[in-house]
file protein.txt (compact mmCIF, C-alpha atoms)
# COMPACT_ATOMS: atom_id res chain seq x y z
CA MET Q 4 115.87 76.79 85.44
CA ALA Q 5 114.34 78.52 88.48
CA VAL Q 6 115.02 81.98 87.01
CA PRO Q 7 112.17 83.28 84.81
CA THR Q 8 112.94 83.69 81.12
CA LYS Q 9 112.01 87.38 80.98
CA SER Q 10 114.47 88.32 83.75
CA TRP Q 11 117.42 86.37 82.36
CA CYS Q 12 120.61 88.25 83.22
CA LYS Q 13 123.93 87.64 84.95
CA HIS Q 14 123.04 89.16 88.31
CA ALA Q 15 120.14 86.69 88.80
CA PHE Q 16 122.43 83.63 88.81
CA SER Q 17 124.69 82.29 91.56
CA PHE Q 18 126.98 79.58 90.21
CA TYR Q 19 129.24 79.51 93.26
CA PRO Q 20 128.71 81.08 96.69
CA LYS Q 21 130.18 84.63 96.84
CA CYS Q 22 132.26 83.99 93.69
CA ASP Q 23 129.76 85.26 91.14
CA THR Q 24 128.87 88.32 93.23
CA LEU Q 25 132.55 89.10 93.77
CA MET Q 26 133.40 88.84 90.07
CA ASN Q 27 130.39 90.96 89.17
CA ASN Q 28 131.46 93.67 91.65
CA ILE Q 29 135.02 93.65 90.28
CA SER Q 30 133.79 94.04 86.70
CA GLU Q 31 131.44 96.87 87.72
CA SER Q 32 134.22 98.69 89.57
CA PHE Q 33 136.61 98.26 86.64
CA ASN Q 34 133.97 99.53 84.21
CA ALA Q 35 133.31 102.62 86.37
CA THR Q 36 137.06 103.36 86.64
CA ILE Q 37 137.83 103.31 82.91
CA LEU Q 38 134.73 105.34 82.06
CA ALA Q 39 136.86 108.31 80.98
CA ALA Q 40 139.09 106.24 78.67
CA ARG Q 41 137.04 103.39 77.25
CA ASP Q 42 135.76 105.41 74.28
CA LYS Q 43 139.32 106.20 73.13
CA PRO Q 44 141.36 104.17 70.58
CA ILE Q 45 142.73 100.85 71.77
CA LEU Q 46 146.36 101.97 72.27
CA THR Q 47 145.35 105.19 74.02
CA MET Q 48 143.00 103.29 76.31
CA CYS Q 49 145.65 100.68 77.22
CA GLU Q 50 148.18 103.42 77.98
CA TRP Q 51 145.66 105.17 80.21
CA ILE Q 52 144.98 101.96 82.15
CA ARG Q 53 148.72 101.23 82.48
CA LYS Q 54 149.46 104.70 83.88
CA TYR Q 55 146.49 104.48 86.23
CA LEU Q 56 147.71 101.14 87.64
CA MET Q 57 151.25 102.48 87.97
CA ASN Q 58 150.06 105.44 90.01
CA ARG Q 59 147.67 103.38 92.12
CA LEU Q 60 150.29 100.77 93.05
CA SER Q 61 152.82 103.38 94.10
CA THR Q 62 150.20 105.22 96.16
CA SER Q 63 149.17 101.99 97.90
CA ALA Q 64 152.81 101.15 98.70
CA SER Q 65 153.36 104.55 100.34
CA LYS Q 66 150.09 104.16 102.27
CA LEU Q 67 151.27 100.83 103.65
CA GLU Q 68 154.57 102.33 104.85
CA ASN Q 69 152.82 105.12 106.78
CA TRP Q 70 150.15 102.94 108.43
CA PRO Q 71 151.25 101.55 111.83
CA HIS Q 72 148.31 99.23 112.71
CA LYS Q 73 147.72 95.61 111.83
CA VAL Q 74 144.31 96.20 110.22
CA MET Q 75 144.09 98.55 107.22
CA PRO Q 76 142.32 101.95 107.50
CA ILE Q 77 138.84 101.24 106.09
CA PRO Q 78 138.17 97.98 108.00
CA LYS Q 79 139.80 99.57 111.07
CA ARG Q 80 137.32 102.44 110.90
CA ARG Q 81 134.44 100.01 110.64
CA LEU Q 82 135.71 97.98 113.60
CA ASP Q 83 136.03 101.15 115.69
CA ASN Q 84 132.39 101.92 114.91
CA GLU Q 85 131.34 98.49 116.22
CA VAL Q 86 133.45 99.00 119.36
CA PHE Q 87 131.75 102.35 119.94
CA ARG Q 88 128.26 100.79 119.64
CA SER Q 89 129.00 97.89 122.01
CA GLY Q 90 128.69 99.96 125.18
CA HIS Q 91 125.02 99.08 125.85
CA LEU Q 92 125.45 95.32 125.40
CA LEU Q 93 125.67 92.93 128.36
CA PRO Q 94 127.42 89.57 127.65
CA THR Q 95 126.49 86.45 129.61
CA TRP Q 96 129.02 83.59 129.56
CA SER Q 97 127.44 80.22 128.76
CA ILE Q 98 130.20 77.64 128.30
CA ALA Q 99 133.67 77.56 126.70
CA GLU Q 100 133.64 80.43 124.16
CA THR Q 101 129.87 80.81 123.77
CA PHE Q 102 128.05 83.93 125.02
CA GLN Q 103 124.53 85.32 125.11
CA VAL Q 104 124.63 89.07 124.54
CA THR Q 105 121.63 91.20 125.64
CA HIS Q 106 120.90 94.79 124.74
CA SER Q 107 120.25 96.85 127.86
CA TYR Q 108 117.47 98.98 126.29
CA ASN Q 109 115.39 96.90 123.87
CA THR Q 110 116.34 93.47 125.40
CA HIS Q 111 117.36 92.00 122.04
CA GLU Q 112 119.54 88.91 122.51
CA PHE Q 113 122.13 87.25 120.26
CA ILE Q 114 124.32 84.14 120.46
CA VAL Q 115 128.07 84.67 119.90
CA ASP Q 116 130.55 81.80 119.37
CA ILE Q 117 134.11 83.11 119.45
CA ALA Q 118 135.64 79.74 118.48
CA LYS Q 119 133.57 79.58 115.27
CA ARG Q 120 133.74 83.36 114.74
CA SER Q 121 129.99 83.57 114.30
CA CYS Q 122 127.09 85.61 115.63
CA SER Q 123 123.35 85.16 115.15
CA CYS Q 124 123.16 88.62 113.55
CA ASN Q 125 125.34 87.19 110.67
CA PHE Q 126 127.48 90.34 110.47
CA TRP Q 127 130.71 88.60 111.49
CA GLU Q 128 130.34 85.82 108.90
CA LEU Q 129 129.36 88.14 106.03
CA VAL Q 130 131.86 90.96 106.55
CA GLY Q 131 134.71 89.26 108.38
CA ILE Q 132 134.84 91.96 111.07
CA PRO Q 133 133.61 91.31 114.64
CA CYS Q 134 130.18 92.79 115.22
CA ARG Q 135 129.21 94.81 118.29
CA HIS Q 136 127.89 91.69 120.03
CA ALA Q 137 131.18 89.86 119.43
CA VAL Q 138 133.12 92.90 120.64
CA ALA Q 139 131.13 92.83 123.91
CA ALA Q 140 131.93 89.12 124.35
CA LEU Q 141 135.63 89.70 123.55
CA SER Q 142 135.80 92.55 126.06
CA TYR Q 143 134.43 90.17 128.71
CA ARG Q 144 137.37 87.84 127.95
CA LYS Q 145 139.76 90.84 127.75
CA GLN Q 146 140.80 90.01 124.17
CA ASN Q 147 141.73 92.46 121.43
CA PRO Q 148 139.11 92.62 118.60
CA ASP Q 149 141.88 93.35 116.04
CA GLU Q 150 143.10 89.77 116.43
CA PHE Q 151 139.74 88.41 115.21
CA VAL Q 152 139.49 90.42 112.00
CA ASP Q 153 139.68 88.33 108.82
CA ALA Q 154 143.16 87.95 107.28
CA CYS Q 155 142.15 89.70 104.04
CA TYR Q 156 142.10 93.04 105.93
CA THR Q 157 145.64 92.75 107.38
CA ARG Q 158 148.90 94.39 106.34
CA GLU Q 159 150.37 91.11 105.08
CA LYS Q 160 147.59 90.52 102.54
CA PHE Q 161 147.67 94.15 101.49
CA ALA Q 162 151.41 93.89 100.84
CA LEU Q 163 150.91 90.73 98.75
CA CYS Q 164 148.20 92.46 96.70
CA TYR Q 165 150.08 95.71 96.03
CA GLY Q 166 153.68 94.53 96.44
CA PHE Q 167 154.60 94.74 92.75
CA SER Q 168 154.98 97.66 90.35
CA VAL Q 169 154.33 98.49 86.70
CA SER Q 170 157.51 99.31 84.79
CA PRO Q 171 157.63 102.62 82.89
CA ILE Q 172 158.17 102.61 79.13
CA ASN Q 173 159.20 105.14 76.51
CA GLY Q 174 156.81 107.11 74.36
CA GLN Q 175 155.14 105.76 71.24
CA ASP Q 176 157.57 107.59 68.95
CA MET Q 177 160.48 105.58 70.48
CA TRP Q 178 158.90 102.15 70.11
CA PRO Q 179 160.81 99.67 67.87
CA GLU Q 180 159.32 99.15 64.44
CA VAL Q 181 158.09 95.67 63.52
CA GLU Q 182 158.00 94.45 59.95
CA MET Q 183 154.39 93.36 59.88
CA GLU Q 184 151.30 94.49 58.10
CA PRO Q 185 149.59 97.17 60.21
CA PRO Q 186 146.23 96.01 61.59
CA LEU Q 187 143.14 97.67 60.21
CA PRO Q 188 140.51 99.08 62.55
CA PRO Q 189 137.23 97.18 62.81
CA ALA Q 190 134.21 98.30 60.84
CA TYR Q 191 132.29 100.87 62.84
CA LYS Q 192 128.83 102.22 62.27
CA ASN Q 193 127.48 105.26 64.06
CA GLY Q 194 124.24 104.38 65.77
CA PRO Q 195 121.33 106.76 66.17
CA GLY Q 196 121.31 109.10 69.17
CA ARG Q 197 123.99 110.00 71.64
CA PRO Q 198 126.45 107.20 72.50
CA LYS Q 199 125.84 105.73 75.95
CA LYS Q 200 128.68 105.25 78.44
CA ILE Q 201 126.65 103.62 81.20
CA ARG Q 202 125.15 100.23 80.46
CA ILE Q 203 121.40 99.72 80.50
CA ARG Q 204 120.20 98.19 83.77
CA GLU Q 205 118.13 95.03 83.79
CA SER Q 206 114.62 94.99 85.22
CA GLY Q 207 115.68 93.32 88.52
CA GLU Q 208 118.75 95.48 89.22
CA ASP Q 209 119.06 98.59 91.33
CA GLY Q 210 118.82 101.78 89.31
CA ALA Q 211 116.64 100.26 86.58
CA ARG Q 212 113.74 102.25 85.18
CA LYS Q 213 110.49 101.18 86.77
CA ARG Q 214 106.92 101.92 85.84
CA ARG Q 215 104.79 103.88 88.25
CA SER Q 216 102.62 101.74 90.45
CA GLY Q 217 98.85 102.16 90.13
CA VAL Q 218 99.00 103.61 86.61
CA ALA Q 219 97.35 101.71 83.74
CA TYR Q 220 98.98 102.20 80.33
CA LYS Q 221 96.87 102.14 77.19
CA CYS Q 222 97.93 101.16 73.68
CA THR Q 223 98.15 104.06 71.22
CA LYS Q 224 97.19 101.82 68.31
CA CYS Q 225 94.09 99.89 69.38
CA ASP Q 226 93.10 101.95 72.49
CA ASN Q 227 93.12 98.89 74.81
CA PHE Q 228 94.84 98.24 78.15
CA GLY Q 229 97.46 95.60 78.90
CA HIS Q 230 100.05 96.24 76.17
CA ASN Q 231 101.69 98.98 74.11
CA ALA Q 232 101.98 99.80 70.42
CA MET Q 233 105.18 97.74 70.00
CA THR Q 234 103.48 94.47 70.98
CA CYS Q 235 100.05 95.31 69.58
CA LYS Q 236 98.62 92.77 67.13
CA ALA Q 237 96.02 95.08 65.63
CA THR Q 238 96.32 95.80 61.90
CA THR Q 239 94.43 99.10 61.81
CA GLN Q 240 94.95 102.36 63.64
CA ASP Q 241 92.16 103.46 65.97
CA PRO Q 242 91.69 107.26 65.62
CA ASN Q 243 90.45 107.54 69.21
CA ALA Q 244 93.72 106.11 70.55
CA LEU Q 245 95.68 109.18 69.46
CA LYS Q 246 93.33 111.64 71.21
CA ARG Q 247 95.13 111.75 74.52
CA LYS Q 248 95.80 114.69 76.80
CA ARG Q 249 99.52 115.30 76.98
CA LYS Q 250 101.33 117.69 79.27
CA PRO Q 251 102.78 120.69 77.42
CA LYS Q 252 106.54 120.90 77.25
CA LYS Q 253 108.44 123.38 79.39
CA GLY Q 254 108.59 126.79 77.78
CA HIS Q 255 105.94 125.89 75.20
CA VAL Q 256 103.91 128.90 74.03
CA PRO Q 257 100.49 128.09 72.56
CA THR Q 258 100.33 128.96 68.87
CA ALA Q 259 97.55 129.30 66.35
CA THR Q 260 97.72 125.58 65.62
CA ASP Q 261 96.92 124.79 69.27
CA MET Q 262 93.80 126.97 69.25
CA PRO Q 263 90.46 125.59 67.99
CA THR Q 264 89.87 126.23 64.31
CA ALA Q 265 86.67 127.10 62.45
CA ASN Q 266 86.08 123.43 61.71
CA ASP Q 267 86.06 122.66 65.44
CA MET Q 268 83.54 125.41 66.26
CA PRO Q 269 79.80 124.55 66.11
CA THR Q 270 77.99 125.76 62.99
CA ALA Q 271 74.41 126.89 62.44
CA SER Q 272 73.45 123.44 61.19
CA ASP Q 273 74.61 121.89 64.47
CA MET Q 274 72.46 124.24 66.58
CA PRO Q 275 68.75 123.34 67.13
CA ALA Q 276 66.27 125.43 65.10
CA PRO Q 277 64.03 127.74 67.18
CA THR Q 278 60.35 126.80 67.34
CA ALA Q 279 57.23 128.98 67.22
CA THR Q 280 56.84 128.87 71.00
CA ASP Q 281 60.36 130.21 71.48
CA MET Q 282 59.65 133.17 69.18
CA THR Q 283 56.41 134.38 70.87
CA VAL Q 284 56.57 137.31 73.29
CA PRO Q 285 54.11 137.46 76.23
CA THR Q 286 51.70 140.38 76.04
CA ASN Q 287 51.29 140.95 79.80
CA MET Q 288 54.94 141.88 80.38
CA PRO Q 289 55.62 145.62 80.85
CA VAL Q 290 57.83 147.25 78.25
CA PRO Q 291 60.73 149.10 79.93
CA THR Q 292 61.26 152.68 78.88
CA ASP Q 293 64.64 154.42 78.94
CA PRO Q 294 64.67 157.53 81.16
CA GLN Q 295 65.44 160.76 79.34
CA PRO Q 296 68.49 162.66 80.59
CA PRO Q 297 67.88 166.17 81.95
CA THR Q 298 68.48 168.98 79.49
CA ASP Q 299 70.21 171.35 81.98
CA MET Q 300 73.20 169.02 82.72
CA PRO Q 301 76.44 169.65 80.75
CA VAL Q 302 77.47 166.86 78.46
CA PRO Q 303 81.14 165.84 79.05
CA THR Q 304 83.39 165.84 76.02
CA ILE Q 305 85.86 162.97 75.55
CA MET Q 306 89.13 163.66 73.77
CA SER Q 307 89.82 160.95 71.26
CA GLN Q 308 93.40 159.91 70.73
CA THR Q 309 94.51 157.81 67.79
CA GLY Q 310 96.82 154.80 67.99
CA SER Q 311 99.70 156.63 66.32
CA SER Q 312 99.69 159.45 68.89
CA VAL Q 313 99.65 156.93 71.77
CA ALA Q 314 102.62 155.07 70.28
CA ALA Q 315 104.48 158.34 69.79
CA SER Q 316 103.95 159.37 73.42
CA ILE Q 317 105.14 155.97 74.64
CA THR Q 318 108.34 156.14 72.57
CA LYS Q 319 109.04 159.68 73.88
CA GLN Q 320 108.66 158.54 77.49
CA SER Q 321 110.95 155.54 76.93
CA ARG Q 322 113.50 157.80 75.20
CA LYS Q 323 113.48 160.15 78.17
CA ARG Q 324 114.07 157.26 80.52
CA VAL Q 325 117.03 156.06 78.47
CA GLU Q 326 118.62 159.50 78.09
CA LYS Q 327 118.37 160.27 81.82
CA LYS Q 328 121.87 160.39 83.30
CA PRO Q 329 122.55 158.52 86.51
CA ILE Q 330 123.07 160.56 89.65
CA ILE Q 331 126.59 160.25 91.07
CA LYS Q 332 126.65 160.52 94.83
CA ARG Q 333 129.84 162.17 96.01
CA ARG Q 334 131.25 162.21 99.49
CA GLN Q 335 131.17 165.23 101.74
CA SER Q 336 134.91 165.86 101.38
CA GLU Q 337 134.72 165.72 97.58
CA ARG Q 338 131.89 168.25 97.51
CA ILE Q 339 133.90 170.64 99.71
CA LYS Q 340 136.92 170.38 97.40
CA LEU Q 341 134.78 171.04 94.34
CA SER Q 342 133.19 174.09 95.95
CA TRP Q 343 136.65 175.51 96.74
CA PHE Q 344 137.79 175.12 93.17
CA LYS Q 345 134.68 176.84 91.84
CA ARG Q 346 135.36 180.05 93.82
CA PRO Q 347 136.93 182.85 91.78
CA ILE Q 348 140.46 183.89 92.69
CA THR Q 349 140.77 187.63 93.43
CA GLY Q 350 143.39 189.94 94.85
CA GLU Q 351 147.17 190.02 94.52
CA GLY Q 352 149.00 187.23 92.79
CA ILE Q 353 146.29 186.30 90.30
CA SER Q 354 148.45 187.44 87.36
CA SER Q 355 151.84 188.92 86.49
CA ASP Q 356 150.30 192.41 86.46
CA LYS Q 357 149.40 192.15 90.14
CA PRO Q 358 152.37 190.55 91.93
CA ILE Q 359 152.46 189.93 95.64
CA THR Q 360 154.42 192.70 97.47
CA LEU Q 361 155.82 192.50 100.99
CA PRO Q 362 156.73 195.39 103.29
CA GLU Q 363 160.43 196.12 103.81
CA ASN Q 364 160.35 195.44 107.54
CA GLU Q 365 158.57 192.03 107.17
CA ASP Q 366 160.56 188.89 106.44
CA ILE Q 367 159.30 185.88 104.54
CA PRO Q 368 158.25 183.19 107.05
CA THR Q 369 160.30 180.03 106.85
CA SER Q 370 158.91 176.62 107.66
CA LYS Q 371 160.43 174.82 110.59
call {"tool": "encode", "arguments": {"input": "protein.txt", "output": "structure tokens"}}
result
Amino acid sequence: MAVPTKSWCKHAFSFYPKCDTLMNNISESFNATILAARDKPILTMCEWIRKYLMNRLSTSASKLENWPHKVMPIPKRRLDNEVFRSGHLLPTWSIAETFQVTHSYNTHEFIVDIAKRSCSCNFWELVGIPCRHAVAALSYRKQNPDEFVDACYTREKFALCYGFSVSPINGQDMWPEVEMEPPLPPAYKNGPGRPKKIRIRESGEDGARKRRSGVAYKCTKCDNFGHNAMTCKATTQDPNALKRKRKPKKGHVPTATDMPTANDMPTASDMPAPTATDMTVPTNMPVPTDPQPPTDMPVPTIMSQTGSSVAASITKQSRKRVEKKPIIKRRQSERIKLSWFKRPITGEGISSDKPITLPENEDIPTSK
């Protein structure tokens, strides 16, 4: 009854300490895991979940075999972080297993009771892992912090949780046939818009859509503040309520419909008529005279060019740019080879009519 009616939802209730939050977290994790398969048919979805559990259980069993410590990896990593941050804490022994732990820099102080496994920072009770203040007190007593981690993080509980396996089965084509009437699928109706895979968040949850603070929203039906058009009780549409400045969409190009029309422009009837005083011209004002240009100066002639000739010249220039071949830059060695091939071959040996002749006393050189 203490929860307001408008914010009625499951996350706002707490029927049993930690139980409701735990069940809600499990359901949220399960919903996020089957996100890729929950829109499939029922048999396909069940097979996907069965194969996922089979793979996860086998992976967890192999992880347990290769882990040598008493505490599992994730809580062990968190405990190591608390051990690392306990270096600047100074424990003071009070009596029995009670300590007062003081920070050496900011002088913050906390009460640690090792027998009750509690600390005034409430980290040990909430998480089940000794906090940095408890680690400082345990180091004073020369005790191992791993022995004070909650039992749910140990190897024994992990083995009980993942100690079973999911049996493999044959494919659907090898299933035995049952003499029963096949079930019909439920009636389904396609809703408007794209189907949503993520549930809509409530107003009090994290990730819910929130209105901007300091912004007053006005109704588009009656032009009043405090409500919107869905909850408006007005029976007539106020024309002024629709005249609102909206931001243009991205990539929107203004068209002729966005420009002011002739009806929006002021007419002659809307303008004030001129009076007799506005039409009179003062007689004492000098009348300016335009100076005459000298007769001996040459008058420049301006060549007129029509629109068709301008368009033709532009198309010719663009055509020249397109037809221009790209310049290929060659290396120095390639240019030397090309210049050698371009030289004309002259002398003996260029054809069968001019063979190469050797003197009788000269032998053909042999390569070594």
call {"tool": "residues_around", "arguments": {"input": "protein.txt", "residues": "region 84-100 of chain Q", "least_positions_apart": "4", "cutoff": "10 Å", "atoms": "all atoms listed in the file", "output": "MDAnalysis selection string"}}
result
chainID Q and resid 78:80 104:108 110:120 132:144 148
call {"tool": "atom_distance", "arguments": {"input": "protein.txt", "atom1": "CA of His72 (chain Q)", "atom2": "CA of Phe167 (chain Q)"}}
result
21.4 Å
call {"tool": "closest_residue", "arguments": {"input": "protein.txt", "among": "Q:Cys225, Q:Val152, Q:Ala190, Q:Leu67", "to": "Leu129 (chain Q)", "atoms": "all atoms listed in the file"}}
result
Q:Val152
call {"tool": "atom_distance", "arguments": {"input": "protein.txt", "atom1": "CA of Arg247 (chain Q)", "atom2": "CA of Cys222 (chain Q)"}}
result
11.0 Å
call {"tool": "atom_distance", "arguments": {"input": "protein.txt", "atom1": "CA of Pro186 (chain Q)", "atom2": "CA of Ile172 (chain Q)"}}
result
22.2 Å
